[in-house]
Amino acid sequence: MSRAVNLKPEDRFIDKILRPTGWRDYIGQEKIKKNLGMILTAAKKRKESADHLLFYGPTGLGKTTLATLVAKEMGVELKITAGPALQRAGELAACLSSLEERDILFIDEVHRLNRSIEEILYPAMESRKLHLVIGKGLGSRMISIDLPAFTLIAATTRPSLLSSPLRSRFGAIFHFDYYSFEDIGIIIQRSAELLGIKLDQEAIVALAGVSRFTPRAANRLLKRVRDFAEVNNLKSINIDIIDEALKFLEIDSLGLESYERRLLETVIKKFNNRPVGVSALSAVLGLDKGTIEEIYEPYLVKIGLLQRTALGRVATEKAYKHLGL
Ligand code: ADE
């Protein structure tokens with residue numbers, strides 16, 4: 001999967017250890033778990049594949065993890081791919097035709113599928129038919145292949161970018177929200193136990209406070225703090241060590257990293273906090289627009305430092321205070 005590509009082998013191994021393997025380990029998102037439970041129980045009772053599901057919400061909130069639990073619950077294979085990996089009709093066709101009865105196809109970043117690929121998905125989702133055009137020009141013809149009853153789970157950070165025909169083909173749509181502070185604390189405690197890290201309660205609270213209400217961020221920070229303790233030959237981790245590690249990592253009291261502070265400073269200083277569009281920000285910061293919109297902004301908006309208005313982005317008073325301006 002695209003987002004795992006840059007991980008060190010050690011991190012990939014740790015992520016595997018930390019990934020919940022049962023519903024009990026999957027903390028929070030109670031409403032989603034309850035609704036999903038009902039859908040899956042009913043599908044199992046009818047001995048049918050589950051409805052197609054759409055998961056949306058910010059990155060790092062456990063959408064892929066939940067898809068793995070759905071597959072486990074249904075006792076089927078999960079095939080994972082992502083919108084940007086499906087550039088040609090043949091790639092999607094290969095994915096679809098490798099599925100067995102009731103298998104689950106997970107497409108991450110589904111908003112990045114191009115329209116021609118989306119159009120192959122519609123009949124596949126609706127009537128389990130794969131329509132392909134073979135050849136070009138006058139000699140081309142359409143072939144139709146029957147597919148097994150499968151479930152598509154699609155995930156996106158940008159549901160508004162999905163076409164309405166695609167959106168309407170999902171049987172259920174689930175919104176993943178940021179986790180509560182308490183749930184992040186529980187996740188950190190669980191991860192620390194799994195990794196054999198000694199963390200006292202105060203340290204857990206401190207880490208939870210900078211974890212952006214996001215399990216992936218919490219686990220990533222925990223790993224970095226562990227590295228810091230290891231390099232400094234520290235056996236257990238208390239709040240002082242957390243503070244030192246965060247300073248070293250340039251993570252502030254709200255969990256912001258330097259590039260996010262730079263984004264806010266750019267809005268305030270360079271654009272005088274007049275509404276600024278994402279293209280202008282992208283050019284000044286040298287960052288891809290998608291990264292700004294999907295990775296940096298949602299958390300800044302969530303914690304009330306940035307507002308997205310119809311005219312553009314503006315920093316809030318809280319942002320000025322946080323940056324000491
Ligand atoms: N990792 C990702 N999502 C998680 C969750 N909800 N609970 C525990 N670990 C997670």
# chains A, B, ... in the order shown; residues from 1 in each chain; ligands from 1
>>> residues_around(residues="Ala50 of chain A", least_positions_apart="4", cutoff="9 Å", atoms="only C-alpha atoms", output="tab-separated table (two decimals) with N, CA and C atoms, in the first residue's frame")
chain	number	residue	atom	x	y	z
A	39	ILE	N	-24.32	-5.31	10.24
A	39	ILE	CA	-24.24	-5.61	8.81
A	39	ILE	C	-23.57	-6.97	8.58
A	40	LEU	N	-22.48	-7.21	9.32
A	40	LEU	CA	-21.72	-8.44	9.10
A	40	LEU	C	-22.48	-9.66	9.62
A	42	ALA	N	-25.70	-10.01	9.82
A	42	ALA	CA	-26.80	-10.29	8.89
A	42	ALA	C	-26.27	-10.97	7.62
A	43	ALA	N	-25.14	-10.48	7.11
A	43	ALA	CA	-24.58	-11.06	5.88
A	43	ALA	C	-24.17	-12.52	6.12
A	44	LYS	N	-23.58	-12.75	7.28
A	44	LYS	CA	-23.15	-14.13	7.59
A	44	LYS	C	-24.35	-15.05	7.70
A	74	MET	N	-15.56	-12.07	8.55
A	74	MET	CA	-16.29	-12.78	7.50
A	74	MET	C	-15.56	-14.06	7.06
A	102	ARG	N	-17.03	-13.89	-1.96
A	102	ARG	CA	-17.14	-13.13	-0.70
A	102	ARG	C	-15.86	-12.43	-0.24
A	104	ILE	N	-12.87	-9.61	0.06
A	104	ILE	CA	-13.02	-8.16	0.20
A	104	ILE	C	-11.89	-7.46	-0.55
A	150	PHE	N	-18.44	-10.19	-4.26
A	150	PHE	CA	-17.36	-9.66	-3.42
A	150	PHE	C	-17.86	-8.41	-2.71
A	151	THR	N	-17.08	-7.96	-1.74
A	151	THR	CA	-17.39	-6.71	-1.06
A	151	THR	C	-16.29	-5.71	-1.35
A	152	LEU	N	-16.67	-4.53	-1.74
A	152	LEU	CA	-15.67	-3.46	-1.88
A	152	LEU	C	-15.71	-2.62	-0.60
A	171	GLY	N	-23.47	0.38	0.21
A	171	GLY	CA	-24.63	0.04	1.04
A	171	GLY	C	-24.60	0.76	2.37
>>> residues_near_ligand(ligand="ligand 1", cutoff="12 Å", atoms="only C-alpha atoms and all ligand atoms", output="PyMOL selection string")
chain A and resi 14-30+32-33+59-69+176-180+182-192+194+213-220
>>> select_by_dssp(residues="segment 98-205 of chain A", states="helix (DSSP H, G or I)", output="PyMOL selection string")
chain A and resi 110-112+115-127+137-139+159-161+164-167+181-195+201-205
>>> residues_around(residues="Leu263 of chain A", least_positions_apart="3", cutoff="10 Å", atoms="only C-alpha atoms", output="mmCIF file with C-alpha atoms, in the first residue's frame")
data_model
loop_
_atom_site.group_PDB
_atom_site.id
_atom_site.type_symbol
_atom_site.label_atom_id
_atom_site.label_comp_id
_atom_site.auth_asym_id
_atom_site.auth_seq_id
_atom_site.Cartn_x
_atom_site.Cartn_y
_atom_site.Cartn_z
ATOM 1 C CA SER A 258 7.603 22.323 12.358
ATOM 2 C CA TYR A 259 5.984 22.230 8.907
ATOM 3 C CA GLU A 260 2.556 22.855 10.417
ATOM 4 C CA THR A 266 2.962 31.634 6.235
ATOM 5 C CA VAL A 267 -0.777 32.364 6.353
ATOM 6 C CA ILE A 268 -0.253 34.984 9.031
ATOM 7 C CA LEU A 281 0.178 27.952 0.016
ATOM 8 C CA SER A 282 1.435 24.993 -1.944
ATOM 9 C CA VAL A 284 5.131 29.110 -1.107
ATOM 10 C CA LEU A 285 5.664 26.064 1.102
ATOM 11 C CA ILE A 292 -1.702 20.222 2.665
ATOM 12 C CA TYR A 296 -1.836 19.051 7.552
ATOM 13 C CA GLU A 297 -5.059 21.013 7.451
ATOM 14 C CA LEU A 300 -5.245 22.334 12.336
ATOM 15 C CA LEU A 306 -7.123 27.294 11.015
ATOM 16 C CA ALA A 315 -5.536 31.548 10.940
#
>>> residues_around(residues="Arg112 of chain A", least_positions_apart="3", cutoff="12 Å", atoms="only C-alpha atoms", output="number ranges by chain")
A: 81-87, 107-109, 115-118, 154-163, 290
>>> select_by_dssp(residues="segment 53-191 of chain A", states="strand (DSSP E or B)", output="number ranges by chain")
A: 53-56, 78-82, 104-108, 129-134, 141-146, 151-156, 172-175
>>> atom_distance(atom1="atom CA of Leu305 of chain A", atom2="atom CA of Lys318 of chain A")
5.7 Å
>>> closest_atom_pairs(of="segment 234-277 of chain A", to="segment 203-211 of chain A", cutoff="10 Å", atoms="only C-alpha atoms", output="JSON lines")
{"residue": "A:Ile237", "atom": "CA", "partner": "A:Ala203", "partner_atom": "CA", "distance": 7.0}
{"residue": "A:Asn238", "atom": "CA", "partner": "A:Ala203", "partner_atom": "CA", "distance": 5.1}
{"residue": "A:Ile239", "atom": "CA", "partner": "A:Ala203", "partner_atom": "CA", "distance": 4.5}
{"residue": "A:Asp240", "atom": "CA", "partner": "A:Ala203", "partner_atom": "CA", "distance": 8.2}
{"residue": "A:Ile241", "atom": "CA", "partner": "A:Ala203", "partner_atom": "CA", "distance": 8.4}
{"residue": "A:Ile242", "atom": "CA", "partner": "A:Ala203", "partner_atom": "CA", "distance": 6.6}
{"residue": "A:Asp243", "atom": "CA", "partner": "A:Ala206", "partner_atom": "CA", "distance": 8.3}
{"residue": "A:Leu246", "atom": "CA", "partner": "A:Val210", "partner_atom": "CA", "distance": 9.1}
{"residue": "A:Ile251", "atom": "CA", "partner": "A:Val210", "partner_atom": "CA", "distance": 7.9}
{"residue": "A:Asp252", "atom": "CA", "partner": "A:Val210", "partner_atom": "CA", "distance": 7.6}
{"residue": "A:Ser253", "atom": "CA", "partner": "A:Val210", "partner_atom": "CA", "distance": 6.3}
{"residue": "A:Leu254", "atom": "CA", "partner": "A:Val210", "partner_atom": "CA", "distance": 5.3}
{"residue": "A:Gly255", "atom": "CA", "partner": "A:Val210", "partner_atom": "CA", "distance": 4.0}
{"residue": "A:Leu256", "atom": "CA", "partner": "A:Val210", "partner_atom": "CA", "distance": 7.8}
>>> closest_residue(among="A:Val314, A:Val133, A:Leu36, A:Val70", to="Phe106 of chain A", atoms="only C-alpha atoms")
A:Val70
>>> atom_distance(atom1="atom CA of Ala89 of chain A", atom2="atom CA of Leu138 of chain A")
19.4 Å
>>> atom_distance(atom1="atom CA of Gly312 of chain A", atom2="atom CA of Asn273 of chain A")
10.0 Å
>>> closest_residue(among="A:Arg167, A:Pro58, A:Leu234, A:Asp103", to="Thr291 of chain A", atoms="only C-alpha atoms")
A:Pro58
>>> residues_around(residues="His131 of chain A", least_positions_apart="3", cutoff="7 Å", atoms="only C-alpha atoms", output="list in words")
Ile120, Met142, Ile143, Ser144 and Ile145 of chain A
